[in-house]
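Peer 1: work.cif is reproduced in full below (mmCIF, C-alpha atoms).
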data_query
#
loop_
_atom_site.group_PDB
_atom_site.id
_atom_site.type_symbol
_atom_site.label_atom_id
_atom_site.label_comp_id
_atom_site.auth_asym_id
_atom_site.auth_seq_id
_atom_site.Cartn_x
_atom_site.Cartn_y
_atom_site.Cartn_z
ATOM 1 C CA MET A 53 -16.405 26.597 -23.639
ATOM 2 C CA LYS A 54 -12.843 25.821 -22.586
ATOM 3 C CA LEU A 55 -14.179 24.147 -19.446
ATOM 4 C CA TRP A 56 -16.586 22.044 -21.535
ATOM 5 C CA SER A 57 -13.850 20.831 -23.883
ATOM 6 C CA TRP A 58 -11.732 19.951 -20.839
ATOM 7 C CA VAL A 59 -14.626 17.935 -19.365
ATOM 8 C CA VAL A 60 -15.144 16.155 -22.707
ATOM 9 C CA GLY A 61 -11.413 15.402 -22.970
ATOM 10 C CA PHE A 62 -11.345 14.150 -19.374
ATOM 11 C CA GLY A 63 -14.317 11.847 -20.024
ATOM 12 C CA ARG A 64 -12.793 10.594 -23.274
ATOM 13 C CA PHE A 65 -9.512 9.813 -21.534
ATOM 14 C CA TRP A 66 -11.183 7.677 -18.864
ATOM 15 C CA TYR A 67 -13.420 5.972 -21.445
ATOM 16 C CA ARG A 68 -10.329 4.983 -23.453
ATOM 17 C CA PHE A 69 -8.483 3.975 -20.262
ATOM 18 C CA ILE A 70 -11.275 1.753 -18.940
ATOM 19 C CA VAL A 71 -13.184 0.570 -22.015
ATOM 20 C CA GLY A 72 -10.607 0.790 -24.803
ATOM 21 C CA ASP A 73 -11.311 -1.052 -28.065
ATOM 22 C CA ASP A 74 -13.628 -3.756 -26.699
ATOM 23 C CA TRP A 75 -16.294 -2.825 -24.143
ATOM 24 C CA THR A 76 -17.066 -6.481 -23.413
ATOM 25 C CA VAL A 77 -13.697 -6.892 -21.656
ATOM 26 C CA ALA A 78 -14.426 -4.129 -19.122
ATOM 27 C CA ALA A 79 -18.004 -5.390 -18.731
ATOM 28 C CA ALA A 80 -16.832 -8.956 -18.083
ATOM 29 C CA VAL A 81 -14.330 -7.736 -15.476
ATOM 30 C CA ALA A 82 -17.053 -5.657 -13.764
ATOM 31 C CA VAL A 83 -19.454 -8.625 -13.670
ATOM 32 C CA GLY A 84 -16.624 -10.883 -12.459
ATOM 33 C CA LEU A 85 -15.779 -8.490 -9.622
ATOM 34 C CA LEU A 86 -19.445 -8.245 -8.594
ATOM 35 C CA ALA A 87 -19.765 -12.047 -8.619
ATOM 36 C CA THR A 88 -16.540 -12.337 -6.593
ATOM 37 C CA ALA A 89 -17.849 -9.833 -4.034
ATOM 38 C CA TYR A 90 -21.140 -11.767 -3.826
ATOM 39 C CA LEU A 91 -19.429 -15.136 -3.286
ATOM 40 C CA ASN A 92 -16.919 -13.657 -0.832
ATOM 41 C CA ALA A 93 -19.699 -12.074 1.225
ATOM 42 C CA ARG A 94 -21.242 -15.528 1.559
ATOM 43 C CA GLY A 95 -18.004 -17.073 2.741
ATOM 44 C CA VAL A 96 -17.235 -18.885 -0.528
ATOM 45 C CA PRO A 97 -13.545 -18.720 -1.564
ATOM 46 C CA ALA A 98 -13.699 -16.789 -4.848
ATOM 47 C CA TRP A 99 -10.074 -15.915 -5.698
ATOM 48 C CA TRP A 100 -10.196 -18.215 -8.751
ATOM 49 C CA LEU A 101 -13.093 -16.452 -10.493
ATOM 50 C CA ILE A 102 -11.412 -13.355 -11.989
ATOM 51 C CA PRO A 103 -8.420 -15.296 -13.452
ATOM 52 C CA ILE A 104 -10.918 -17.583 -15.211
ATOM 53 C CA VAL A 105 -13.002 -14.610 -16.387
ATOM 54 C CA VAL A 106 -9.806 -13.031 -17.757
ATOM 55 C CA ALA A 107 -8.743 -16.211 -19.592
ATOM 56 C CA VAL A 108 -12.203 -16.615 -21.142
ATOM 57 C CA VAL A 109 -12.790 -12.961 -22.073
ATOM 58 C CA VAL A 110 -9.365 -12.747 -23.763
ATOM 59 C CA GLY A 111 -10.302 -15.719 -25.935
ATOM 60 C CA VAL A 112 -13.717 -14.251 -26.788
ATOM 61 C CA SER A 113 -12.223 -10.832 -27.578
ATOM 62 C CA LEU A 114 -9.557 -12.383 -29.822
ATOM 63 C CA ARG A 115 -12.248 -14.368 -31.666
ATOM 64 C CA ARG A 116 -14.301 -11.183 -32.179
ATOM 65 C CA ALA A 117 -11.328 -9.374 -33.704
ATOM 66 C CA SER A 118 -11.320 -9.711 -37.471
ATOM 67 C CA PRO A 119 -8.539 -11.682 -39.160
ATOM 68 C CA ALA A 120 -7.606 -8.533 -41.059
ATOM 69 C CA GLU A 121 -7.161 -6.662 -37.813
ATOM 70 C CA THR A 122 -5.087 -9.529 -36.432
ATOM 71 C CA ARG A 123 -2.732 -9.341 -39.402
ATOM 72 C CA ARG A 124 -2.523 -5.524 -39.230
ATOM 73 C CA ALA A 125 -1.868 -5.341 -35.466
ATOM 74 C CA MET B 184 19.929 -8.850 16.759
ATOM 75 C CA THR B 185 18.671 -5.845 18.761
ATOM 76 C CA GLY B 186 15.022 -4.805 18.775
ATOM 77 C CA LEU B 187 15.910 -1.827 16.592
ATOM 78 C CA GLY B 188 17.788 -4.007 14.099
ATOM 79 C CA PHE B 189 14.966 -6.547 14.041
ATOM 80 C CA VAL B 190 12.341 -3.872 13.278
ATOM 81 C CA LEU B 191 14.604 -2.344 10.606
ATOM 82 C CA VAL B 192 15.216 -5.659 8.807
ATOM 83 C CA THR B 193 11.609 -6.870 9.134
ATOM 84 C CA THR B 194 10.169 -3.605 7.810
ATOM 85 C CA PHE B 195 12.749 -3.542 5.017
ATOM 86 C CA LEU B 196 11.888 -7.070 3.874
ATOM 87 C CA ALA B 197 8.107 -6.588 4.133
ATOM 88 C CA SER B 198 8.332 -3.273 2.255
ATOM 89 C CA THR B 199 10.578 -4.791 -0.427
ATOM 90 C CA VAL B 200 7.641 -6.826 -1.763
ATOM 91 C CA GLU B 201 5.548 -3.650 -2.182
ATOM 92 C CA ALA B 202 8.522 -1.736 -3.616
ATOM 93 C CA ILE B 203 9.113 -4.431 -6.240
ATOM 94 C CA GLU B 204 5.485 -4.094 -7.398
ATOM 95 C CA MET B 205 5.841 -0.287 -7.481
ATOM 96 C CA VAL B 206 9.113 -0.278 -9.425
ATOM 97 C CA THR B 207 7.968 -3.008 -11.831
ATOM 98 C CA ILE B 208 4.997 -0.886 -12.909
ATOM 99 C CA VAL B 209 7.068 2.301 -13.235
ATOM 100 C CA VAL B 210 9.869 0.640 -15.249
ATOM 101 C CA GLY B 211 7.378 -1.223 -17.466
ATOM 102 C CA VAL B 212 5.276 1.853 -18.202
ATOM 103 C CA GLY B 213 8.317 4.108 -18.644
ATOM 104 C CA ALA B 214 10.049 1.702 -21.020
ATOM 105 C CA SER B 215 6.933 1.239 -23.140
ATOM 106 C CA ARG B 216 5.273 4.689 -23.073
ATOM 107 C CA GLY B 217 8.210 7.041 -22.489
ATOM 108 C CA TRP B 218 9.794 8.465 -19.350
ATOM 109 C CA ARG B 219 8.629 12.103 -19.206
ATOM 110 C CA ALA B 220 4.996 11.472 -18.261
ATOM 111 C CA THR B 221 5.900 8.358 -16.250
ATOM 112 C CA LEU B 222 8.407 10.211 -14.058
ATOM 113 C CA THR B 223 5.963 13.109 -13.688
ATOM 114 C CA GLY B 224 3.441 10.544 -12.398
ATOM 115 C CA VAL B 225 6.106 9.173 -10.032
ATOM 116 C CA GLY B 226 6.844 12.672 -8.715
ATOM 117 C CA ALA B 227 3.147 13.491 -8.279
ATOM 118 C CA GLY B 228 2.572 10.141 -6.555
ATOM 119 C CA PHE B 229 5.370 10.723 -4.046
ATOM 120 C CA ALA B 230 4.142 14.304 -3.472
ATOM 121 C CA VAL B 231 0.631 13.036 -2.641
ATOM 122 C CA LEU B 232 2.158 10.343 -0.419
ATOM 123 C CA ALA B 233 4.249 12.909 1.454
ATOM 124 C CA VAL B 234 1.156 15.052 2.075
ATOM 125 C CA VAL B 235 -0.905 12.034 3.214
ATOM 126 C CA VAL B 236 1.849 10.837 5.570
ATOM 127 C CA ALA B 237 2.377 14.369 6.931
ATOM 128 C CA VAL B 238 -1.351 14.920 7.513
ATOM 129 C CA PHE B 239 -2.253 11.526 8.963
ATOM 130 C CA GLY B 240 1.000 10.561 10.688
ATOM 131 C CA LEU B 241 0.416 7.663 13.053
ATOM 132 C CA ALA B 242 -3.313 7.682 12.190
ATOM 133 C CA LEU B 243 -2.342 6.450 8.721
ATOM 134 C CA SER B 244 -3.643 2.976 9.417
ATOM 135 C CA ALA B 245 -7.131 4.504 9.799
ATOM 136 C CA ILE B 246 -7.234 5.180 6.027
ATOM 137 C CA PRO B 247 -9.499 2.556 4.406
ATOM 138 C CA ILE B 248 -7.006 0.832 2.057
ATOM 139 C CA GLY B 249 -9.560 -1.769 0.888
ATOM 140 C CA PRO B 250 -11.618 0.540 -1.378
ATOM 141 C CA LEU B 251 -8.384 2.102 -2.679
ATOM 142 C CA ARG B 252 -7.021 -1.348 -3.590
ATOM 143 C CA LEU B 253 -10.295 -2.249 -5.287
ATOM 144 C CA ILE B 254 -10.485 0.935 -7.399
ATOM 145 C CA ILE B 255 -6.808 1.010 -8.392
ATOM 146 C CA GLY B 256 -6.690 -2.764 -8.919
ATOM 147 C CA ALA B 257 -9.812 -2.769 -11.116
ATOM 148 C CA LEU B 258 -8.462 0.137 -13.215
ATOM 149 C CA LEU B 259 -5.075 -1.570 -13.670
ATOM 150 C CA LEU B 260 -6.841 -4.830 -14.530
ATOM 151 C CA VAL B 261 -9.034 -3.403 -17.310
ATOM 152 C CA PHE B 262 -6.180 -1.318 -18.740
ATOM 153 C CA GLY B 263 -3.669 -4.165 -18.407
ATOM 154 C CA LEU B 264 -6.055 -6.469 -20.260
ATOM 155 C CA GLN B 265 -6.116 -4.068 -23.219
ATOM 156 C CA TRP B 266 -2.321 -4.297 -23.504
ATOM 157 C CA PHE B 267 -2.432 -8.046 -22.831
ATOM 158 C CA LEU B 268 -4.824 -8.487 -25.774
ATOM 159 C CA LYS B 269 -2.789 -6.243 -28.087
ATOM 160 C CA GLY B 270 0.426 -7.962 -27.018
ATOM 161 C CA VAL B 271 -0.994 -11.427 -27.748
ATOM 162 C CA THR B 272 -2.338 -10.257 -31.125
ATOM 163 C CA ARG B 273 0.917 -8.567 -32.171
ATOM 164 C CA VAL B 274 3.258 -11.332 -31.031
ATOM 165 C CA ALA B 275 0.973 -13.913 -32.693
ATOM 166 C CA ALA B 276 0.821 -11.911 -35.928
ATOM 167 C CA ARG B 277 4.544 -11.285 -36.254
ATOM 168 C CA GLY B 278 6.152 -14.110 -34.337
ATOM 169 C CA LEU B 279 9.728 -13.866 -33.148
ATOM 170 C CA ALA B 280 10.941 -12.902 -36.605
ATOM 171 C CA GLY B 281 8.873 -9.704 -36.596
ATOM 172 C CA MET B 282 9.710 -8.504 -33.131
ATOM 173 C CA GLN B 283 12.848 -6.481 -33.753
ATOM 174 C CA ALA B 284 12.958 -3.325 -31.671
ATOM 175 C CA GLY B 285 12.206 -0.159 -33.563
ATOM 176 C CA HIS B 286 9.752 -1.752 -35.984
ATOM 177 C CA GLU B 287 7.682 1.126 -37.320
ATOM 178 C CA ALA B 288 4.257 -0.416 -36.688
ATOM 179 C CA GLU B 289 5.196 -1.497 -33.187
ATOM 180 C CA GLN B 290 5.589 2.004 -31.802
ATOM 181 C CA LEU B 291 4.214 2.048 -28.252
ATOM 182 C CA GLU B 292 5.848 5.222 -27.012
ATOM 183 C CA TRP B 293 3.563 8.217 -26.815
ATOM 184 C CA THR B 294 3.968 10.369 -29.928
ATOM 185 C CA GLY B 295 0.615 12.141 -29.868
ATOM 186 C CA PRO B 296 0.029 15.824 -29.134
ATOM 187 C CA GLY B 297 0.180 16.991 -25.540
ATOM 188 C CA PHE B 298 0.948 15.094 -22.411
ATOM 189 C CA ASP B 299 0.695 11.286 -22.082
ATOM 190 C CA TRP B 300 -1.878 11.084 -19.282
ATOM 191 C CA THR B 301 -2.114 7.304 -19.560
ATOM 192 C CA ALA B 302 1.518 6.821 -18.504
ATOM 193 C CA PHE B 303 1.070 9.499 -15.822
ATOM 194 C CA VAL B 304 -2.011 7.811 -14.319
ATOM 195 C CA LEU B 305 -0.475 4.318 -14.380
ATOM 196 C CA ALA B 306 2.718 5.457 -12.639
ATOM 197 C CA PHE B 307 0.826 7.713 -10.204
ATOM 198 C CA LYS B 308 -1.524 4.932 -9.101
ATOM 199 C CA GLY B 309 1.315 2.432 -8.670
ATOM 200 C CA ILE B 310 3.289 4.859 -6.507
ATOM 201 C CA VAL B 311 0.333 5.990 -4.357
ATOM 202 C CA LEU B 312 -1.048 2.503 -3.651
ATOM 203 C CA GLU B 313 2.267 0.752 -3.047
ATOM 204 C CA GLY B 314 3.730 3.760 -1.227
ATOM 205 C CA LEU B 315 0.732 3.784 1.103
ATOM 206 C CA GLU B 316 1.218 0.069 1.744
ATOM 207 C CA VAL B 317 4.885 0.674 2.613
ATOM 208 C CA ALA B 318 3.787 3.503 4.943
ATOM 209 C CA PHE B 319 1.194 1.205 6.586
ATOM 210 C CA ILE B 320 3.836 -1.481 7.127
ATOM 211 C CA ALA B 321 6.261 1.043 8.659
ATOM 212 C CA VAL B 322 3.602 2.520 10.966
ATOM 213 C CA SER B 323 2.267 -0.917 12.018
ATOM 214 C CA PHE B 324 5.699 -2.411 12.759
ATOM 215 C CA GLY B 325 7.063 0.826 14.229
ATOM 216 C CA VAL B 326 4.163 1.441 16.609
ATOM 217 C CA ALA B 327 3.978 -2.225 17.672
ATOM 218 C CA ALA B 328 7.697 -2.306 18.528
ATOM 219 C CA ASN B 329 7.910 1.326 19.641
ATOM 220 C CA GLN B 330 10.656 1.821 17.011
ATOM 221 C CA LEU B 331 9.013 4.161 14.522
ATOM 222 C CA GLY B 332 12.303 5.658 13.297
ATOM 223 C CA ALA B 333 13.810 2.265 12.477
ATOM 224 C CA ALA B 334 10.583 1.125 10.792
ATOM 225 C CA ALA B 335 10.432 4.289 8.654
ATOM 226 C CA LEU B 336 14.092 3.806 7.704
ATOM 227 C CA GLY B 337 13.384 0.196 6.705
ATOM 228 C CA GLY B 338 10.415 1.215 4.532
ATOM 229 C CA VAL B 339 12.203 4.097 2.821
ATOM 230 C CA GLY B 340 15.345 1.959 2.448
ATOM 231 C CA ALA B 341 13.381 -0.751 0.607
ATOM 232 C CA VAL B 342 11.953 1.784 -1.856
ATOM 233 C CA VAL B 343 15.389 3.357 -2.424
ATOM 234 C CA VAL B 344 17.194 0.019 -2.912
ATOM 235 C CA VAL B 345 14.544 -1.496 -5.220
ATOM 236 C CA GLY B 346 14.246 1.841 -7.050
ATOM 237 C CA ALA B 347 18.028 1.865 -7.632
ATOM 238 C CA ILE B 348 17.821 -1.673 -9.029
ATOM 239 C CA GLY B 349 14.988 -0.473 -11.312
ATOM 240 C CA VAL B 350 17.146 2.411 -12.559
ATOM 241 C CA ALA B 351 20.028 -0.013 -13.175
ATOM 242 C CA VAL B 352 17.962 -2.519 -15.176
ATOM 243 C CA HIS B 353 15.802 -0.076 -17.179
ATOM 244 C CA PRO B 354 18.237 0.087 -20.142
ATOM 245 C CA LEU B 355 17.841 -3.689 -20.492
ATOM 246 C CA VAL B 356 14.040 -3.388 -20.364
ATOM 247 C CA THR B 357 13.994 -0.742 -23.108
ATOM 248 C CA ARG B 358 15.888 -3.196 -25.376
ATOM 249 C CA ILE B 359 13.013 -5.687 -25.231
ATOM 250 C CA PRO B 360 11.144 -5.747 -28.576
ATOM 251 C CA ARG B 361 8.060 -3.487 -28.502
ATOM 252 C CA SER B 362 5.439 -6.199 -29.067
ATOM 253 C CA LEU B 363 6.906 -8.427 -26.401
ATOM 254 C CA LEU B 364 7.257 -5.464 -24.011
ATOM 255 C CA GLN B 365 3.579 -4.601 -24.461
ATOM 256 C CA LEU B 366 2.660 -8.213 -23.682
ATOM 257 C CA VAL B 367 4.984 -8.327 -20.656
ATOM 258 C CA VAL B 368 3.703 -5.026 -19.199
ATOM 259 C CA GLY B 369 0.091 -5.995 -19.976
ATOM 260 C CA THR B 370 0.604 -9.329 -18.189
ATOM 261 C CA LEU B 371 2.162 -7.607 -15.152
ATOM 262 C CA LEU B 372 -0.599 -4.965 -14.938
ATOM 263 C CA THR B 373 -3.250 -7.695 -15.262
ATOM 264 C CA THR B 374 -1.523 -9.717 -12.531
ATOM 265 C CA PHE B 375 -1.181 -6.838 -10.054
ATOM 266 C CA GLY B 376 -4.645 -5.531 -10.953
ATOM 267 C CA THR B 377 -6.251 -8.913 -10.251
ATOM 268 C CA PHE B 378 -4.394 -9.286 -6.966
ATOM 269 C CA TRP B 379 -5.167 -5.795 -5.651
ATOM 270 C CA ALA B 380 -8.798 -5.663 -6.815
ATOM 271 C CA LEU B 381 -9.621 -8.955 -5.090
ATOM 272 C CA GLU B 382 -7.686 -7.972 -1.963
ATOM 273 C CA GLY B 383 -9.794 -4.810 -1.962
ATOM 274 C CA LEU B 384 -12.924 -6.977 -1.984
ATOM 275 C CA GLY B 385 -11.623 -8.786 1.088
ATOM 276 C CA VAL B 386 -10.743 -11.988 -0.768
ATOM 277 C CA VAL B 387 -8.058 -14.043 0.990
ATOM 278 C CA TRP B 388 -5.412 -15.204 -1.466
ATOM 279 C CA PRO B 389 -3.911 -18.651 -0.873
ATOM 280 C CA GLY B 390 -0.250 -18.055 -0.040
ATOM 281 C CA SER B 391 -0.814 -14.305 0.530
ATOM 282 C CA ASP B 392 1.612 -12.214 -1.603
ATOM 283 C CA ALA B 393 3.053 -15.411 -3.143
ATOM 284 C CA ALA B 394 -0.237 -15.699 -5.055
ATOM 285 C CA ILE B 395 1.098 -12.931 -7.333
ATOM 286 C CA LEU B 396 3.629 -15.420 -8.738
ATOM 287 C CA GLY B 397 0.881 -18.005 -9.263
ATOM 288 C CA LEU B 398 -1.258 -15.425 -11.091
ATOM 289 C CA LEU B 399 1.719 -14.411 -13.215
ATOM 290 C CA VAL B 400 2.381 -18.019 -14.245
ATOM 291 C CA PHE B 401 -1.326 -18.509 -15.065
ATOM 292 C CA TYR B 402 -1.519 -15.359 -17.229
ATOM 293 C CA VAL B 403 1.769 -16.158 -19.004
ATOM 294 C CA ALA B 404 0.418 -19.647 -19.789
ATOM 295 C CA THR B 405 -2.851 -18.075 -21.011
ATOM 296 C CA ALA B 406 -0.912 -15.711 -23.286
ATOM 297 C CA LEU B 407 1.205 -18.538 -24.721
ATOM 298 C CA ILE B 408 -1.871 -20.685 -25.429
ATOM 299 C CA TYR B 409 -3.687 -17.845 -27.217
ATOM 300 C CA ILE B 410 -0.559 -16.855 -29.169
ATOM 301 C CA SER B 411 -0.328 -20.438 -30.355
ATOM 302 C CA PHE B 412 -4.049 -20.469 -31.323
ATOM 303 C CA GLU B 413 -3.809 -17.107 -33.089
ATOM 304 C CA ARG B 414 -0.744 -18.131 -35.063
ATOM 305 C CA ARG B 415 -2.432 -21.329 -36.202
ATOM 306 C CA HIS B 416 -5.565 -19.347 -37.095
ATOM 307 C CA ALA B 417 -3.626 -16.668 -39.030
ATOM 308 C CA LEU B 418 -1.654 -19.309 -40.927
ATOM 309 C CA GLY B 419 -4.740 -21.299 -41.916
ATOM 310 C CA PHE B 420 -4.296 -24.036 -39.316
ATOM 311 C CA ALA B 421 -1.061 -25.208 -40.912
ATOM 312 C CA PRO B 422 1.367 -25.721 -38.030
ATOM 313 C CA GLY B 423 4.071 -26.878 -40.408
ATOM 314 C CA ARG B 424 4.336 -23.335 -41.783
ATOM 315 C CA LEU B 425 5.291 -21.911 -38.367
ATOM 316 C CA ALA B 426 8.878 -23.084 -38.657
#
Can you give me the file's structure in the form of C-alpha cells?
Peer 2:
Amino acid sequence: MKLWSWVVGFGRFWYRFIVGDDWTVAAAVAVGLLATAYLNARGVPAWWLIPIVVAVVVGVSLRRASPAETRRA
Amino acid sequence: MTGLGFVLVTTFLASTVEAIEMVTIVVGVGASRGWRATLTGVGAGFAVLAVVVAVFGLALSAIPIGPLRLIIGALLLVFGLQWFLKGVTRVAARGLAGMQAGHEAEQLEWTGPGFDWTAFVLAFKGIVLEGLEVAFIAVSFGVAANQLGAAALGGVGAVVVVGAIGVAVHPLVTRIPRSLLQLVVGTLLTTFGTFWALEGLGVVWPGSDAAILGLLVFYVATALIYISFERRHALGFAPGRLA
C-alpha cells in the first residue's frame, strides 16, 4: 500500500512537472520536437521551428485562460 | 604561452560557458523556490557526476550525450514554459505597481508539505548535464593535448569561479520581485531547454552557443509582446488607462 501511494505520488509529480495546468503546451512542444527531428533527418535546417511553436502556443494558452484567472493570477 | 597554460586557459574558457548555464539555473531556481531542495539537488548532481567520472574516466566521451540533452532539454522546456506563462500572466495582471517583493499572492517559494522535488529535479538536471559537458570538454582537450591534469583544472576552475560569482550575486537575485523572477527564470529555462533539446536532436544552431543569446532575446521580446496584449485585454483595450 505504501509502495502504491509512492508510485501514485511519483506519477503525479511528473505529470505536474511535464503537463502542468495546460496539456496543450506540452503536446505542442512534443509535436514541435517530432517535426524538428523529421526535418533535421531530411537535411532541412529546423532550428527556427521550436521558438515559433513556443511563441504561438504561449499566445493560444493565454487566450484559453479565462479573464477571471488572468486577474487572479 | 606554454602548452600546459594554453590547455588550461582554453578549457577554462570553454567550460565557463557551460558553468554559466549551470549556475544560472541553480541561482534562478534557488531564489524562486527556496535553497534547501535546490542545494540538495546540486549536491546530488555533483555526487552522480563524481561517480560517472570515476567509473568512466577517459571513456567519458563514449557516453551518448545527445539523448541526455534531448530528454533534459525537453523537460526544462515544458517546465520553463509553465513558469513563462505564469510570469507573463502575473506581470500583465499587476504591472510594475503590483510587483513589490513579498506580495502575499506572489509567493513562489515552496511552502507545501514535504520536500520540494521540483526544485531538486531542476537543479539536479542542470548540474548533471552541464557538469557532464564540462567533463567532456576537459577530457577532449586534455587527451588531445596530452595535458589531462591542466584540462581538469581548467574545467573545475571554471565551475568554481562561476559558482563563486553565483553565490555573490544571489542576494541581488532574491530581491527581484516574485512575479518578475518567475518570468525571468521561466524565460531562462525555456531558452536553455530549447537549445539543449534541439542540440540533442542533432540540430546545428547558427552561431553555436551564441544562439542562446539570440533565443533569449526572442523569448524576452515574445514575453513583452504578450504582456502588452494581456494588459490591454485586462483593461478593456484602453491603453490610456495603463499610465
Peer 1: To verify the selection step, state as JSON, numbers by chain which residues the PyMOL selection byres ((chain B) within 10 of (chain A)) yields on this input.
Peer 2: {"B": [253, 257, 258, 259, 260, 261, 262, 263, 264, 265, 266, 267, 268, 269, 270, 271, 272, 273, 274, 275, 276, 277, 288, 289, 300, 301, 304, 305, 362, 373, 374, 377, 378, 380, 381, 382, 383, 384, 385, 386, 387, 388, 389, 394, 398, 401, 402, 404, 405, 406, 408, 409, 412, 413, 414, 416, 417]}
Peer 1: Any chance you could resolve the PyMOL selection byres ((chain B and resi 225) around 8) against this file and give the residues as number ranges by chain?
Peer 2: B: 209, 221-224, 226-229, 303, 306-307, 310
Peer 1: Pull C-alpha atoms from the residues just selected and write them as a compact mmCIF listing (two decimals), in the coordinates of the input.
Peer 2:
# COMPACT_ATOMS: atom_id res chain seq x y z
CA VAL B 209 7.07 2.30 -13.24
CA THR B 221 5.90 8.36 -16.25
CA LEU B 222 8.41 10.21 -14.06
CA THR B 223 5.96 13.11 -13.69
CA GLY B 224 3.44 10.54 -12.40
CA GLY B 226 6.84 12.67 -8.72
CA ALA B 227 3.15 13.49 -8.28
CA GLY B 228 2.57 10.14 -6.56
CA PHE B 229 5.37 10.72 -4.05
CA PHE B 303 1.07 9.50 -15.82
CA ALA B 306 2.72 5.46 -12.64
CA PHE B 307 0.83 7.71 -10.20
CA ILE B 310 3.29 4.86 -6.51
Peer 1: Could you please determine the separation between CA of Trp379 (chain B) and CA of Val83 (chain A) in Å, to one decimal place?
Peer 2: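 Going from CA of Trp379 (chain B) over to CA of Val83 (chain A), I get 16.6 Å.
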Peer 1: Evaluate the PyMOL selection byres ((chain B and resi 213) around 10) and record the selected residues as a list in words, following the chain and residue labels used in the document.
Peer 2: Thr207, Ile208, Val209, Val210, Gly211, Val212, Ala214, Ser215, Arg216, Gly217, Trp218, Arg219, Ala220, Thr221, Leu222, Glu292, Ala302, Phe303, Leu305, Ala306, His353, Val356 and Thr357 of chain B
Peer 1: In Å to one decimal, how far is CA of Ala393 (chain B) from CA of Leu251 (chain B)?
Peer 2: 20.9 Å
Peer 1: Find the spatial neighbours of Val235 (chain B), counting only C-alpha atoms, within a cut-off of 10 Å - ignore same-chain residues fewer than 6 positions away - and output them as a list in words.
Peer 2: Phe229, Leu243, Ile246, Val311, Leu315 and Ala318 of chain B
Peer 1: Counting all atoms listed in the file, figure out which residue out of B:Val317, B:Ile255, B:Val238, B:Leu366 gets nearest to Ile410 (chain B).
Peer 2: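 For Ile410 (chain B), the nearest of the given residues is B:Leu366.
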Peer 1: In Å, rounded to a single decimal, give me how far CA of Gly397 (chain B) is from CA of Val344 (chain B).
Peer 2: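 Calculated distance between CA of Val344 (chain B) and CA of Gly397 (chain B) is 25.1 Å.
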Peer 1: Name the closest residue to Gly84 (chain A) among the candidates A:Val105, A:Gly63, A:Trp58, A:Val112; distances are taken between atoms, counting only C-alpha atoms.
Peer 2: A:Val105
Peer 1: Edge lengths and centre in Å to one decimal, as JSON, is what I'm after for the box along x, y and z that holds all listed atoms of region 83-100 of chain A once 5 Å is added on each side.
Peer 2:
{"center_x": -15.7, "center_y": -13.6, "center_z": -5.5, "size_x": 21.2, "size_y": 20.6, "size_z": 26.4}
Peer 1: Regenerate region 66-78 of chain A at the level of N, CA and C atoms and dump it as a PDB file, in the coordinates of the input.
Peer 2:
ATOM      1  N   TRP A  66     -10.814   8.789 -19.747  1.00  0.00           N
ATOM      2  CA  TRP A  66     -11.183   7.677 -18.864  1.00  0.00           C
ATOM      3  C   TRP A  66     -11.936   6.598 -19.617  1.00  0.00           C
ATOM      4  N   TYR A  67     -12.734   6.984 -20.629  1.00  0.00           N
ATOM      5  CA  TYR A  67     -13.420   5.972 -21.445  1.00  0.00           C
ATOM      6  C   TYR A  67     -12.382   5.093 -22.150  1.00  0.00           C
ATOM      7  N   ARG A  68     -11.374   5.749 -22.753  1.00  0.00           N
ATOM      8  CA  ARG A  68     -10.329   4.983 -23.453  1.00  0.00           C
ATOM      9  C   ARG A  68      -9.534   4.134 -22.470  1.00  0.00           C
ATOM     10  N   PHE A  69      -9.285   4.688 -21.270  1.00  0.00           N
ATOM     11  CA  PHE A  69      -8.483   3.975 -20.262  1.00  0.00           C
ATOM     12  C   PHE A  69      -9.210   2.724 -19.786  1.00  0.00           C
ATOM     13  N   ILE A  70     -10.521   2.855 -19.542  1.00  0.00           N
ATOM     14  CA  ILE A  70     -11.275   1.753 -18.940  1.00  0.00           C
ATOM     15  C   ILE A  70     -11.863   0.822 -20.000  1.00  0.00           C
ATOM     16  N   VAL A  71     -12.463   1.377 -21.030  1.00  0.00           N
ATOM     17  CA  VAL A  71     -13.184   0.570 -22.015  1.00  0.00           C
ATOM     18  C   VAL A  71     -12.282   0.158 -23.180  1.00  0.00           C
ATOM     19  N   GLY A  72     -11.525   1.104 -23.703  1.00  0.00           N
ATOM     20  CA  GLY A  72     -10.607   0.790 -24.803  1.00  0.00           C
ATOM     21  C   GLY A  72     -11.330   0.372 -26.072  1.00  0.00           C
ATOM     22  N   ASP A  73     -10.778  -0.631 -26.762  1.00  0.00           N
ATOM     23  CA  ASP A  73     -11.311  -1.052 -28.065  1.00  0.00           C
ATOM     24  C   ASP A  73     -12.488  -2.014 -27.953  1.00  0.00           C
ATOM     25  N   ASP A  74     -12.607  -2.712 -26.823  1.00  0.00           N
ATOM     26  CA  ASP A  74     -13.628  -3.756 -26.699  1.00  0.00           C
ATOM     27  C   ASP A  74     -14.339  -3.622 -25.349  1.00  0.00           C
ATOM     28  N   TRP A  75     -15.577  -3.097 -25.394  1.00  0.00           N
ATOM     29  CA  TRP A  75     -16.294  -2.825 -24.143  1.00  0.00           C
ATOM     30  C   TRP A  75     -16.632  -4.100 -23.384  1.00  0.00           C
ATOM     31  N   THR A  76     -16.669  -5.241 -24.092  1.00  0.00           N
ATOM     32  CA  THR A  76     -17.066  -6.481 -23.413  1.00  0.00           C
ATOM     33  C   THR A  76     -16.005  -6.916 -22.377  1.00  0.00           C
ATOM     34  N   VAL A  77     -14.752  -6.523 -22.603  1.00  0.00           N
ATOM     35  CA  VAL A  77     -13.697  -6.892 -21.656  1.00  0.00           C
ATOM     36  C   VAL A  77     -13.941  -6.200 -20.314  1.00  0.00           C
ATOM     37  N   ALA A  78     -14.166  -4.877 -20.363  1.00  0.00           N
ATOM     38  CA  ALA A  78     -14.426  -4.129 -19.122  1.00  0.00           C
ATOM     39  C   ALA A  78     -15.714  -4.614 -18.463  1.00  0.00           C
TER      40      ALA A  78
END
